[in-house]
Amino acid sequence: MLSVIIAFAAIILLTAADQLIKIWAIDSLKGQPSKDFLSIGDFDILNLTYLENDGALFGSFSGMRWILIAVTAALMIFCGWYMIKHSKEKLTLISMTLIISGGLGNIIDRLFRDGKVVDYFDVQFMDFAVFNFADCCVVIGVILLLIQIVFFDFKDKGEKVNKEKVSENE
């Protein structure tokens, strides 16, 4: 149970970090041209570009504020339940913490910034969406969850099935 309490504290800290970065982006980047952020020599990797997004991934569901809020809230509730149910699995706990933090950071924007999410990371070396810290949390959390499911949950289930077959053959 202590691990769940720590996870909820981490959710608060990560969400606060997201909101503080967004406040900084509004104050420093809004109305300004893109700023170099990460490059190697003359090769630009990442710029800081202020953007308000009223959609979801790559601008999908643009203008559907309340649907995005409802879906995000439902997914966060599910993730919270899943996190508590599987709190002994550390990777699942970490992944759910990240996913909930990112969802909460973006839902706060949708609720209190006229339905728009503040984005600022602009990938330069390929044509990609502008995104934010909350989006990073969600993506990393989903990747960790997939690792948990593919490499640990399936393996554990396979070992359990093999043990059951051995028991049946004895």
# chains A, B, ... in the order shown; residues from 1 in each chain; ligands from 1
>>> residues_around(residues="Gly63 in chain A", least_positions_apart="6", cutoff="10 Å", atoms="only C-alpha atoms", output="NGL selection string")
:A and (53-56 or 115-116)
>>> residues_around(residues="range 75-78 of chain A", least_positions_apart="2", cutoff="8 Å", atoms="only C-alpha atoms", output="VMD selection string")
chain A and resid 71 to 73 80 to 82 99 to 100 103 to 104
>>> atom_distance(atom1="CA of Asp122 in chain A", atom2="CA of Pro33 in chain A")
11.9 Å
>>> atom_distance(atom1="CA of Val117 in chain A", atom2="CA of Glu52 in chain A")
5.5 Å
>>> closest_residue(among="A:Ile45, A:Leu98, A:Leu68, A:Leu38", to="Phe133 in chain A", atoms="only C-alpha atoms")
A:Leu98
>>> atom_distance(atom1="CA of Met83 in chain A", atom2="CA of Val138 in chain A")
14.4 Å
>>> select_by_dssp(residues="range 18-137 of chain A", states="strand (DSSP E)", output="list of chain:residue names")
A:Lys35, A:Asp36, A:Phe37, A:Leu38, A:Ser39, A:Ile40, A:Phe43, A:Asp44, A:Ile45, A:Leu46, A:Asn47, A:Leu48, A:Thr49, A:Tyr50, A:Leu51, A:Glu52, A:Asn53, A:Val117, A:Val118, A:Asp119, A:Tyr120, A:Phe121, A:Asp122, A:Val123, A:Val130, A:Phe131
>>> closest_residue(among="A:Asp36, A:Asp18, A:Asp44, A:Glu89", to="Leu144 in chain A", atoms="only C-alpha atoms")
A:Glu89
